[in-house]
>>> print(open('coords.txt').read())   # compact mmCIF, C-alpha atoms
# COMPACT_ATOMS: atom_id res chain seq x y z
CA MET T 1 0.00 0.00 0.00
CA LYS T 2 2.52 2.54 -1.07
CA ASN T 3 0.18 4.51 -3.27
CA THR T 4 -0.86 7.52 -1.29
CA GLN T 5 -1.60 9.56 -4.39
CA TRP T 6 -5.30 10.20 -4.86
CA LYS T 7 -6.56 10.11 -8.41
CA LEU T 8 -9.88 11.59 -9.41
CA ARG T 9 -11.30 8.14 -10.07
CA ASP T 10 -10.28 6.95 -6.61
CA ALA T 11 -11.77 10.00 -4.96
CA ILE T 12 -15.06 9.44 -6.77
CA LEU T 13 -15.06 5.73 -5.94
CA LEU T 14 -14.42 6.51 -2.30
CA ALA T 15 -17.28 8.98 -2.28
CA LEU T 16 -19.55 6.48 -4.04
CA ILE T 17 -18.76 3.78 -1.48
CA GLY T 18 -19.54 6.28 1.24
CA ILE T 19 -22.79 7.12 -0.50
CA ILE T 20 -23.87 3.50 -1.04
CA PHE T 21 -23.46 2.94 2.65
CA SER T 22 -25.06 6.19 3.64
CA VAL T 23 -28.17 4.90 1.86
CA ILE T 24 -27.86 1.58 3.69
CA TYR T 25 -27.28 3.33 7.01
CA PHE T 26 -30.27 5.53 6.41
CA LEU T 27 -32.44 2.54 5.58
CA MET T 28 -31.19 0.85 8.74
CA ASP T 29 -32.47 3.67 10.93
CA PRO T 30 -36.11 2.47 11.00
CA LEU T 31 -34.95 -1.10 11.60
CA TYR T 32 -32.94 0.17 14.52
CA GLN T 33 -36.09 1.87 15.77
CA ILE T 34 -38.01 -1.39 15.71
CA ILE T 35 -35.27 -3.33 17.48
CA SER T 36 -34.87 -0.48 19.91
CA GLY T 37 -38.60 -0.41 20.60
CA GLY T 38 -38.74 -4.15 21.14
CA LEU T 39 -35.84 -4.10 23.55
CA THR T 40 -37.21 -1.10 25.41
CA VAL T 41 -40.08 -3.25 26.58
CA ILE T 42 -37.64 -5.36 28.58
CA GLY T 43 -35.49 -2.35 29.45
CA LEU T 44 -32.51 -3.46 27.40
CA GLN T 45 -32.57 -0.72 24.78
CA ALA T 46 -28.79 -0.33 25.07
CA PHE T 47 -28.43 -3.61 23.21
CA ALA T 48 -30.18 -2.27 20.12
CA GLY T 49 -27.09 -0.22 19.29
CA GLU T 50 -24.74 -3.04 20.16
CA LEU T 51 -26.55 -5.55 17.96
CA THR T 52 -26.65 -3.36 14.88
CA ILE T 53 -23.38 -1.42 15.18
CA GLY T 54 -21.61 -3.75 12.75
CA VAL T 55 -23.76 -2.62 9.84
CA TRP T 56 -22.74 0.99 10.44
CA MET T 57 -19.09 0.01 10.20
CA MET T 58 -19.04 -1.83 6.88
CA ALA T 59 -17.99 1.05 4.64
CA GLY T 60 -14.56 1.46 6.22
CA PRO T 61 -13.01 -1.97 5.73
CA LEU T 62 -14.58 -2.35 2.27
CA ALA T 63 -13.19 0.94 1.06
CA ALA T 64 -9.81 0.06 2.54
CA TYR T 65 -9.87 -3.19 0.62
CA LEU T 66 -10.92 -1.61 -2.68
CA LEU T 67 -8.63 1.41 -2.63
CA LYS T 68 -5.72 0.13 -0.55
CA LYS T 69 -4.65 3.53 0.73
CA PRO T 70 -4.00 4.77 4.25
CA GLY T 71 -6.87 6.81 5.59
CA THR T 72 -9.47 5.24 3.33
CA ALA T 73 -11.48 3.50 6.06
CA LEU T 74 -11.70 6.69 8.07
CA LEU T 75 -12.75 8.81 5.10
CA ALA T 76 -15.31 6.31 3.81
CA GLU T 77 -17.01 6.13 7.20
CA MET T 78 -17.07 9.90 7.50
CA ILE T 79 -18.62 10.31 4.06
CA GLY T 80 -21.12 7.59 4.90
CA ALA T 81 -22.03 9.39 8.12
CA ALA T 82 -22.34 12.77 6.42
CA GLY T 83 -24.54 11.25 3.73
CA GLU T 84 -26.73 9.62 6.34
CA MET T 85 -27.11 12.94 8.10
CA PHE T 86 -28.12 14.76 4.93
CA LEU T 87 -30.53 12.05 3.87
CA GLY T 88 -32.33 12.78 7.09
CA GLY T 89 -30.82 10.28 9.48
CA TYR T 90 -32.05 11.59 12.79
CA TRP T 91 -28.91 11.22 14.86
CA GLY T 92 -27.82 14.43 13.23
CA ALA T 93 -24.49 15.93 14.08
CA ALA T 94 -23.71 13.09 16.45
CA THR T 95 -23.64 10.84 13.37
CA LEU T 96 -20.62 12.74 12.13
CA ILE T 97 -18.68 12.16 15.31
CA SER T 98 -19.76 8.52 15.44
CA GLY T 99 -18.66 8.11 11.83
CA MET T 100 -15.29 9.57 12.64
CA VAL T 101 -14.87 7.29 15.65
CA GLN T 102 -16.03 4.20 13.77
CA GLY T 103 -13.77 4.98 10.84
CA ALA T 104 -10.80 5.62 13.09
CA GLY T 105 -11.47 2.35 14.91
CA SER T 106 -11.44 0.31 11.71
CA GLU T 107 -8.55 2.27 10.30
CA LEU T 108 -6.43 1.48 13.35
CA GLY T 109 -6.57 -2.24 12.57
CA PHE T 110 -5.18 -1.65 9.11
CA THR T 111 -2.56 0.79 10.38
CA LEU T 112 -1.30 -1.65 13.02
CA THR T 113 -0.55 -4.24 10.36
CA GLY T 114 1.11 -1.64 8.15
CA TYR T 115 -1.63 -1.95 5.50
CA LYS T 116 -0.41 -5.41 4.55
CA LYS T 117 -2.43 -7.56 2.23
CA GLY T 118 -4.33 -10.53 3.61
CA SER T 119 -7.13 -10.84 6.05
CA THR T 120 -5.20 -10.36 9.32
CA SER T 121 -5.73 -6.62 9.09
CA LEU T 122 -9.46 -7.10 8.51
CA TRP T 123 -9.89 -9.26 11.60
CA LEU T 124 -7.71 -6.94 13.63
CA SER T 125 -9.81 -4.01 12.44
CA THR T 126 -12.96 -5.66 13.81
CA LEU T 127 -11.26 -5.80 17.20
CA THR T 128 -9.85 -2.27 17.17
CA GLY T 129 -13.18 -1.06 15.80
CA THR T 130 -14.96 -2.65 18.75
CA VAL T 131 -12.60 -1.24 21.35
CA VAL T 132 -12.54 2.29 19.95
CA THR T 133 -16.28 2.55 19.40
CA PHE T 134 -16.98 1.02 22.80
CA VAL T 135 -14.88 3.67 24.51
CA TRP T 136 -16.79 6.36 22.58
CA GLN T 137 -20.12 4.76 23.42
CA PHE T 138 -19.04 4.63 27.05
CA PHE T 139 -19.16 8.43 27.11
CA HIS T 140 -21.82 8.98 24.48
CA SER T 141 -24.42 6.75 26.10
CA GLY T 142 -23.27 7.01 29.68
CA TYR T 143 -22.21 3.39 30.04
CA GLY T 144 -20.30 4.39 33.15
CA HIS T 145 -23.62 4.17 34.98
CA TYR T 146 -24.00 0.47 34.27
CA HIS T 147 -22.64 -2.39 36.35
CA PHE T 148 -19.45 -4.11 35.28
CA GLY T 149 -21.24 -7.31 34.31
CA MET T 150 -23.59 -5.41 32.01
CA LEU T 151 -20.60 -3.69 30.40
CA VAL T 152 -18.96 -7.02 29.63
CA VAL T 153 -22.10 -8.33 27.96
CA LEU T 154 -22.50 -5.08 25.99
CA PHE T 155 -18.91 -5.32 24.81
CA VAL T 156 -19.24 -8.95 23.72
CA VAL T 157 -22.48 -8.30 21.82
CA ARG T 158 -20.84 -5.31 20.12
CA TYR T 159 -17.85 -7.40 19.11
CA LEU T 160 -20.04 -10.17 17.69
CA SER T 161 -22.00 -7.66 15.63
CA ILE T 162 -18.89 -5.99 14.24
CA PHE T 163 -17.25 -9.37 13.70
CA PHE T 164 -20.18 -10.55 11.62
CA PHE T 165 -21.02 -7.45 9.58
CA SER T 166 -17.65 -5.76 9.10
CA GLY T 167 -15.73 -9.02 9.29
CA VAL T 168 -17.53 -12.06 7.90
CA LEU T 169 -19.86 -10.19 5.54
CA VAL T 170 -17.10 -7.88 4.30
CA LYS T 171 -14.85 -10.89 3.76
CA GLY T 172 -17.62 -12.51 1.73
CA ILE T 173 -17.89 -9.43 -0.47
CA GLU T 174 -14.11 -9.32 -0.90
CA LYS T 175 -14.09 -12.96 -1.96
CA LEU T 176 -16.70 -12.28 -4.62
CA LEU T 177 -14.69 -9.31 -5.86
CA ASP T 178 -11.53 -11.41 -5.98
CA ARG T 179 -13.23 -14.22 -7.81
CA SER T 180 -14.72 -11.87 -10.38
CA LYS T 181 -11.20 -10.59 -11.20
CA PHE T 182 -12.91 -7.26 -11.68
CA MET T 183 -10.41 -5.42 -9.56
CA GLN T 184 -7.39 -6.57 -11.54
CA THR T 185 -8.67 -5.18 -14.79
CA HIS T 186 -9.80 -1.98 -13.18
CA THR T 187 -6.73 -0.90 -11.27
CA ASP T 188 -3.86 0.71 -13.06
CA MET U 1 -23.95 35.03 10.76
CA MET U 2 -21.88 31.92 10.30
CA ASN U 3 -20.85 30.26 7.09
CA ALA U 4 -21.42 26.56 6.47
CA SER U 5 -18.05 25.41 7.81
CA GLN U 6 -18.50 27.44 10.95
CA ARG U 7 -21.93 25.95 11.52
CA LEU U 8 -20.44 22.49 11.14
CA PHE U 9 -17.68 23.28 13.65
CA LEU U 10 -20.20 24.62 16.12
CA ALA U 11 -22.42 21.55 15.72
CA LEU U 12 -19.47 19.22 16.25
CA PHE U 13 -18.32 21.13 19.31
CA LEU U 14 -21.79 21.14 20.84
CA SER U 15 -22.35 17.43 20.10
CA LEU U 16 -19.14 16.63 21.91
CA GLU U 17 -20.13 18.82 24.80
CA ILE U 18 -23.63 17.34 25.05
CA VAL U 19 -22.14 13.87 25.13
CA LEU U 20 -19.71 14.77 27.90
CA THR U 21 -22.21 16.65 30.07
CA ASN U 22 -24.44 14.97 32.65
CA SER U 23 -27.00 17.67 33.19
CA LEU U 24 -30.70 17.59 32.45
CA SER U 25 -31.11 21.37 32.64
CA PHE U 26 -28.24 21.84 30.17
CA ASN U 27 -29.94 19.46 27.75
CA LEU U 28 -33.31 21.14 28.14
CA ILE U 29 -31.98 24.65 27.52
CA LEU U 30 -30.15 23.50 24.40
CA LEU U 31 -33.24 21.65 23.26
CA LEU U 32 -35.34 24.79 23.60
CA CYS U 33 -32.79 26.88 21.71
CA PHE U 34 -32.37 24.50 18.81
CA ASN U 35 -36.07 23.81 18.62
CA ALA U 36 -36.62 27.53 18.22
CA LEU U 37 -33.87 27.73 15.60
CA VAL U 38 -35.30 24.82 13.63
CA ILE U 39 -38.78 26.37 13.68
CA TYR U 40 -37.22 29.71 12.71
CA ARG U 41 -35.86 28.03 9.59
CA LYS U 42 -39.51 27.58 8.56
CA ILE U 43 -39.29 23.89 7.82
CA ALA U 44 -42.48 22.04 6.98
CA TRP U 45 -44.50 21.05 10.04
CA LYS U 46 -44.62 17.49 8.86
CA ARG U 47 -40.86 17.36 8.86
CA TYR U 48 -40.71 19.00 12.26
CA GLY U 49 -43.16 16.44 13.58
CA THR U 50 -41.07 13.61 12.16
CA TYR U 51 -38.10 14.73 14.22
CA TRP U 52 -40.14 14.35 17.39
CA LEU U 53 -41.64 11.11 16.20
CA VAL U 54 -38.31 9.41 15.54
CA ALA U 55 -37.00 10.76 18.84
CA ILE U 56 -39.65 9.06 20.97
CA ILE U 57 -38.56 5.43 20.90
CA PRO U 58 -34.76 5.81 21.30
CA SER U 59 -35.24 8.53 23.87
CA PHE U 60 -37.73 6.66 26.01
CA GLY U 61 -35.82 3.42 25.46
CA SER U 62 -32.63 5.02 26.65
CA PHE U 63 -34.38 6.47 29.70
CA TRP U 64 -36.00 3.18 30.62
CA SER U 65 -32.79 1.20 30.11
CA PHE U 66 -30.89 3.43 32.55
CA TYR U 67 -33.78 3.69 34.97
CA LEU U 68 -33.84 -0.07 35.31
CA TYR U 69 -30.18 -1.04 35.04
CA ALA U 70 -28.01 1.95 35.97
CA GLN U 71 -26.07 2.04 39.22
CA GLY U 72 -27.14 3.96 42.30
CA ASP U 73 -30.37 4.62 44.16
CA LEU U 74 -33.71 5.47 42.59
CA ALA U 75 -33.15 9.25 42.46
CA MET U 76 -29.77 8.81 40.79
CA ARG U 77 -31.12 6.34 38.26
CA LEU U 78 -34.00 8.67 37.47
CA HIS U 79 -31.54 11.51 36.87
CA THR U 80 -29.29 9.38 34.68
CA GLY U 81 -32.27 8.15 32.71
CA LEU U 82 -33.61 11.66 32.16
CA VAL U 83 -30.19 12.97 31.08
CA MET U 84 -29.67 10.13 28.62
CA GLY U 85 -33.20 10.29 27.27
CA SER U 86 -33.08 14.03 26.68
CA ARG U 87 -29.57 13.76 25.20
CA VAL U 88 -30.97 11.80 22.26
CA ILE U 89 -33.55 14.49 21.47
CA VAL U 90 -31.04 17.34 21.76
CA LEU U 91 -28.67 15.61 19.35
CA ILE U 92 -31.49 15.10 16.88
CA PHE U 93 -32.46 18.78 16.90
CA LEU U 94 -28.87 19.95 16.73
CA GLY U 95 -28.52 17.85 13.59
CA ALA U 96 -31.82 19.18 12.25
CA TRP U 97 -30.58 22.73 12.70
CA LEU U 98 -27.38 21.97 10.79
CA VAL U 99 -28.96 20.01 7.96
CA ASN U 100 -31.92 22.29 7.33
CA GLY U 101 -29.81 25.39 6.92
CA THR U 102 -26.99 23.93 4.89
CA LYS U 103 -26.85 22.43 1.42
CA GLU U 104 -24.35 19.59 0.95
CA ALA U 105 -22.73 21.28 -2.02
CA VAL U 106 -22.32 24.57 -0.18
CA LEU U 107 -20.85 22.81 2.84
CA LEU U 108 -18.34 20.94 0.67
CA GLN U 109 -17.39 24.07 -1.25
CA SER U 110 -16.90 26.15 1.86
CA LEU U 111 -14.90 23.40 3.56
CA GLN U 112 -12.70 23.28 0.49
CA GLN U 113 -12.17 27.03 0.48
CA ASN U 114 -11.82 27.48 4.23
CA LEU U 115 -9.62 24.48 4.99
CA HIS U 116 -7.90 24.31 1.60
CA LEU U 117 -8.86 20.70 0.99
CA SER U 118 -7.86 18.95 -2.21
CA ASN U 119 -10.03 19.99 -5.14
CA THR U 120 -9.88 16.50 -6.62
CA PHE U 121 -11.49 15.22 -3.46
CA ILE U 122 -14.18 17.83 -3.17
CA TYR U 123 -15.16 17.79 -6.82
CA GLY U 124 -15.09 14.00 -6.79
CA MET U 125 -17.52 14.07 -3.89
CA LEU U 126 -19.72 16.73 -5.46
CA ALA U 127 -19.95 14.63 -8.60
CA ALA U 128 -20.66 11.49 -6.61
CA LEU U 129 -23.41 13.18 -4.60
CA ASN U 130 -25.58 13.26 -7.70
CA PHE U 131 -25.64 9.51 -7.65
CA MET U 132 -27.31 9.32 -4.28
CA PRO U 133 -30.85 8.87 -5.62
CA ARG U 134 -29.58 6.54 -8.32
CA PHE U 135 -28.24 4.05 -5.81
CA LYS U 136 -31.69 3.38 -4.48
CA GLN U 137 -32.72 2.62 -8.04
CA ALA U 138 -29.58 0.52 -8.53
CA PHE U 139 -30.37 -1.60 -5.48
CA GLN U 140 -33.86 -2.21 -6.81
CA ASN U 141 -32.49 -3.13 -10.23
CA ILE U 142 -30.03 -5.58 -8.73
CA GLN U 143 -32.77 -7.24 -6.73
CA ALA U 144 -35.12 -7.35 -9.70
CA ALA U 145 -32.41 -8.82 -11.92
CA SER U 146 -31.72 -11.65 -9.53
CA GLN U 147 -35.44 -12.22 -9.06
CA MET U 148 -35.58 -12.97 -12.77
CA ARG U 149 -33.22 -15.85 -12.10
CA GLY U 150 -35.36 -16.98 -9.23
CA VAL U 151 -32.90 -15.80 -6.61
CA THR U 152 -33.99 -13.43 -3.87
CA LEU U 153 -31.17 -11.22 -2.64
CA ARG U 154 -31.49 -10.11 0.94
CA TRP U 155 -29.68 -7.33 2.75
CA TYR U 156 -27.37 -9.70 4.61
CA GLN U 157 -26.06 -11.40 1.47
CA PRO U 158 -22.63 -10.37 0.12
CA THR U 159 -23.80 -10.66 -3.50
CA LEU U 160 -26.04 -7.62 -3.15
CA TYR U 161 -23.17 -5.43 -1.95
CA PHE U 162 -20.81 -6.97 -4.48
CA LYS U 163 -23.06 -5.97 -7.34
CA ALA U 164 -23.57 -2.48 -5.94
CA LEU U 165 -19.81 -2.06 -5.60
CA ILE U 166 -19.22 -3.19 -9.19
CA GLN U 167 -21.76 -0.57 -10.21
CA ALA U 168 -19.90 2.03 -8.12
CA ILE U 169 -16.56 1.16 -9.71
CA GLN U 170 -18.05 1.50 -13.19
CA TRP U 171 -19.75 4.77 -12.36
CA SER U 172 -16.58 6.19 -10.82
CA GLU U 173 -14.72 5.50 -14.04
CA SER U 174 -17.39 7.03 -16.23
CA LEU U 175 -17.67 10.06 -13.98
CA ALA U 176 -13.92 10.61 -13.88
CA MET U 177 -13.79 10.38 -17.65
CA ALA U 178 -16.70 12.76 -18.04
CA MET U 179 -15.12 15.26 -15.69
CA THR U 180 -11.80 15.11 -17.49
CA ALA U 181 -13.63 15.53 -20.78
CA HIS U 182 -15.24 18.66 -19.40
CA GLY U 183 -11.89 20.15 -18.58
CA PHE U 184 -11.33 19.12 -14.96
CA GLN U 185 -7.62 18.95 -14.26
CA GLU U 186 -6.24 17.23 -11.20
CA GLY U 187 -4.06 19.46 -9.07
CA ALA U 188 -4.71 22.49 -11.24
CA LYS U 189 -5.42 25.81 -9.60
CA ARG U 190 -9.08 26.71 -9.77
CA SER U 191 -11.03 29.84 -9.22
CA ALA U 192 -14.43 29.63 -7.58
CA TYR U 193 -17.61 31.24 -8.85
CA GLN U 194 -19.07 31.47 -5.39
CA GLN U 195 -16.90 32.40 -2.43
CA TYR U 196 -17.72 31.22 1.08
CA PRO U 197 -15.26 32.98 3.36
CA PHE U 198 -15.22 32.53 7.14
CA LYS U 199 -17.21 35.28 8.77
CA LYS U 200 -15.62 37.20 11.57
CA ILE U 201 -18.88 37.61 13.45
CA GLY U 202 -19.38 33.86 13.13
CA PHE U 203 -16.28 33.24 15.22
CA TYR U 204 -17.56 35.66 17.86
CA TRP U 205 -20.82 33.72 17.95
CA ILE U 206 -18.99 30.41 18.25
CA ALA U 207 -16.86 31.78 21.09
CA LEU U 208 -19.88 33.22 22.85
CA ILE U 209 -21.91 30.03 22.52
CA ALA U 210 -18.92 27.96 23.62
CA ILE U 211 -18.40 30.04 26.78
CA VAL U 212 -22.08 30.15 27.68
CA SER U 213 -22.59 26.45 27.02
CA VAL U 214 -19.55 25.42 29.04
CA ALA U 215 -20.81 27.58 31.90
CA MET U 216 -24.26 26.01 31.51
CA SER U 217 -22.88 22.52 31.84
CA TYR U 218 -22.28 23.30 35.55
CA LEU U 219 -25.98 23.90 36.15
CA PRO U 220 -27.47 21.88 38.99
CA TYR U 221 -29.34 18.69 38.10
>>> encode(input="coords.txt", output="structure tokens")
Amino acid sequence: MKNTQWKLRDAILLALIGIIFSVIYFLMDPLYQIISGGLTVIGLQAFAGELTIGVWMMAGPLAAYLLKKPGTALLAEMIGAAGEMFLGGYWGAATLISGMVQGAGSELGFTLTGYKKGSTSLWLSTLTGTVVTFVWQFFHSGYGHYHFGMLVVLFVVRYLSIFFFSGVLVKGIEKLLDRSKFMQTHTD
Amino acid sequence: MMNASQRLFLALFLSLEIVLTNSLSFNLILLLCFNALVIYRKIAWKRYGTYWLVAIIPSFGSFWSFYLYAQGDLAMRLHTGLVMGSRVIVLIFLGAWLVNGTKEAVLLQSLQQNLHLSNTFIYGMLAALNFMPRFKQAFQNIQAASQMRGVTLRWYQPTLYFKALIQAIQWSESLAMAMTAHGFQEGAKRSAYQQYPFKKIGFYWIALIAIVSVAMSYLPY
């Protein structure tokens, strides 16, 4: 990943990935509402965010895989968040900060492995993504008020969600892209 | 008063402050202010109503979750629940204020001019923004196409995203070509038709709001 030069095509692709996911994130908002409502009944609304967080973090690792440049995961998440906000996602300005945190979390995994090829960085990014976003959520949603046991369960659920959506699902998409050989013909 | 970048900075600062403050009165004052500002923007009542409607479930859910499971005695849990519940609504209206007064294109342009971001990036994004409505269509097309083969693609299947990404790669190439054809040069110096300079009075406002809001965060309860 030596190519730090941004070409117009790459910039547009990055923005498009951000936009695809901003549409997905926006469409997820009502689903989140339903899950949130269901869990409110038993007083466990906090888990709604934990269960679905992985979906909101898919743009980062995918963009990093497609563009193979430092900073891509962070930027893709931020564009996704901004798009979600402008589409009318109701978390508003907080979306932007969450996007930044989520992107930075995923990005860290790729940075720690020096942007090497292979899936180690992807799996590591699910872990760093979980830790970083959990720390943010700790302040954002006042997790400090919960008992330690509850925090552990929240963390585990968050990790499982991120592991599935931004790990397993992203890996599946990458495999399809690899198999199609589309990337080889379209990178210069 | 403030230009688009300044409004964004203020919104980011306040979001951060809201998230780090444990005060119900602070949240309520901000909620009143931003509610007034949103109404002042003369947005449609239906839209205004929607903001409240989407706020109900997460806000009440958050309150209830803390009321039942937070640490401390009943009074403390009630306070925590109220702070967390109201926090959700404040964040929603802060976002509403930002979004309803700012066009994406203007925000991108002013960020580019104020922070001297790369033109390739900003113009790439401006071009890509036009595709936002087309992606919804694209998703429907992809699903319809696979339906023809008797396969139903669901949102958790990689194939759906794979096809959307292929579409994105193709569009990005076409767009880049089109922009180059229309004379866009990477790294070239550009002049701007519309200027969005920082406004001096905007910085005074930001400073004033920052000082007042930090002072407010020490309010009792």
>>> closest_atom_pairs(input="coords.txt", of="chain U", to="chain T", cutoff="6 Å", atoms="all atoms listed in the file", output="tab-separated table")
residue	atom	partner	partner_atom	distance
U:Ser15	CA	T:Ala94	CA	5.8
U:Val19	CA	T:His140	CA	4.9
U:Ile57	CA	T:Gly37	CA	5.8
U:Gly61	CA	T:Thr40	CA	4.7
U:Trp64	CA	T:Gly43	CA	5.7
U:Ser65	CA	T:Gly43	CA	4.5
U:Ala70	CA	T:Tyr146	CA	4.6
U:Gln71	CA	T:His145	CA	5.3
U:Ile92	CA	T:Trp91	CA	5.1
U:Gly95	CA	T:Gly92	CA	3.5
U:Thr120	CA	T:Leu8	CA	5.6
U:Phe121	CA	T:Ala11	CA	5.4
U:Gly124	CA	T:Ile12	CA	4.6
U:Met125	CA	T:Ala15	CA	5.3
U:Ala128	CA	T:Leu16	CA	5.7
U:Pro158	CA	T:Ile173	CA	4.9
U:Phe162	CA	T:Ile173	CA	5.5
U:Ser172	CA	T:Leu13	CA	5.1
U:Glu173	CA	T:Arg9	CA	5.9
U:Ala176	CA	T:Arg9	CA	5.2
>>> atom_distance(input="coords.txt", atom1="atom CA of Ile18 of chain U", atom2="atom CA of Val214 of chain U")
9.9 Å
>>> atom_distance(input="coords.txt", atom1="atom CA of Thr126 of chain T", atom2="atom CA of Pro58 of chain U")
25.7 Å
>>> atom_distance(input="coords.txt", atom1="atom CA of Phe131 of chain U", atom2="atom CA of Gln147 of chain U")
23.9 Å
>>> residues_around(input="coords.txt", residues="Ile39 of chain U", least_positions_apart="3", cutoff="12 Å", atoms="all atoms listed in the file", output="number ranges by chain")
U: 32-36, 42-49, 51, 93, 96-97, 100-101
>>> residues_around(input="coords.txt", residues="Leu8 of chain U", least_positions_apart="6", cutoff="10 Å", atoms="only C-alpha atoms", output="mmCIF file with C-alpha atoms, keeping the file's coordinate frame")
data_model
loop_
_atom_site.group_PDB
_atom_site.id
_atom_site.type_symbol
_atom_site.label_atom_id
_atom_site.label_comp_id
_atom_site.auth_asym_id
_atom_site.auth_seq_id
_atom_site.Cartn_x
_atom_site.Cartn_y
_atom_site.Cartn_z
ATOM 1 C CA ALA T 93 -24.490 15.930 14.080
ATOM 2 C CA LEU T 96 -20.620 12.740 12.130
ATOM 3 C CA MET U 2 -21.880 31.920 10.300
ATOM 4 C CA LEU U 14 -21.790 21.140 20.840
ATOM 5 C CA GLY U 95 -28.520 17.850 13.590
ATOM 6 C CA LEU U 98 -27.380 21.970 10.790
ATOM 7 C CA VAL U 99 -28.960 20.010 7.960
ATOM 8 C CA THR U 102 -26.990 23.930 4.890
ATOM 9 C CA LEU U 107 -20.850 22.810 2.840
ATOM 10 C CA LEU U 111 -14.900 23.400 3.560
#
>>> closest_residue(input="coords.txt", among="U:Lys163, U:Ala168, U:His182, U:Asn130", to="Ser146 of chain U", atoms="all atoms listed in the file")
U:Lys163
>>> residues_around(input="coords.txt", residues="segment 197-207 of chain U", least_positions_apart="4", cutoff="8 Å", atoms="all atoms listed in the file", output="PyMOL selection string")
chain U and resi 1-3+5-6+10+110+113-114+211
>>> residues_around(input="coords.txt", residues="Tyr65 of chain T", least_positions_apart="3", cutoff="12 Å", atoms="all atoms listed in the file", output="count of residues only")
37
>>> build_atoms(input="coords.txt", residues="segment 131-143 of chain T", atoms="N, CA and C atoms", output="compact mmCIF listing (two decimals), keeping the file's coordinate frame")
# COMPACT_ATOMS: atom_id res chain seq x y z
N VAL T 131 -13.15 -1.92 20.18
CA VAL T 131 -12.60 -1.24 21.35
C VAL T 131 -12.81 0.27 21.25
N VAL T 132 -12.45 0.83 20.10
CA VAL T 132 -12.54 2.29 19.95
C VAL T 132 -13.98 2.77 20.06
N THR T 133 -14.89 2.08 19.35
CA THR T 133 -16.28 2.55 19.40
C THR T 133 -16.90 2.32 20.78
N PHE T 134 -16.44 1.28 21.46
CA PHE T 134 -16.98 1.02 22.80
C PHE T 134 -16.59 2.14 23.76
N VAL T 135 -15.34 2.57 23.66
CA VAL T 135 -14.88 3.67 24.51
C VAL T 135 -15.71 4.93 24.23
N TRP T 136 -15.96 5.19 22.96
CA TRP T 136 -16.79 6.36 22.58
C TRP T 136 -18.20 6.22 23.14
N GLN T 137 -18.77 5.02 22.96
CA GLN T 137 -20.12 4.76 23.42
C GLN T 137 -20.21 4.89 24.93
N PHE T 138 -19.12 4.54 25.59
CA PHE T 138 -19.04 4.63 27.05
C PHE T 138 -19.39 6.04 27.51
N PHE T 139 -18.86 7.03 26.77
CA PHE T 139 -19.16 8.43 27.11
C PHE T 139 -20.49 8.86 26.50
N HIS T 140 -20.65 8.53 25.24
CA HIS T 140 -21.82 8.98 24.48
C HIS T 140 -23.11 8.53 25.15
N SER T 141 -23.18 7.28 25.55
CA SER T 141 -24.42 6.75 26.10
C SER T 141 -24.34 6.50 27.59
N GLY T 142 -23.34 7.09 28.23
CA GLY T 142 -23.27 7.01 29.68
C GLY T 142 -23.14 5.60 30.23
N TYR T 143 -22.35 4.76 29.58
CA TYR T 143 -22.21 3.39 30.04
C TYR T 143 -21.58 3.29 31.43
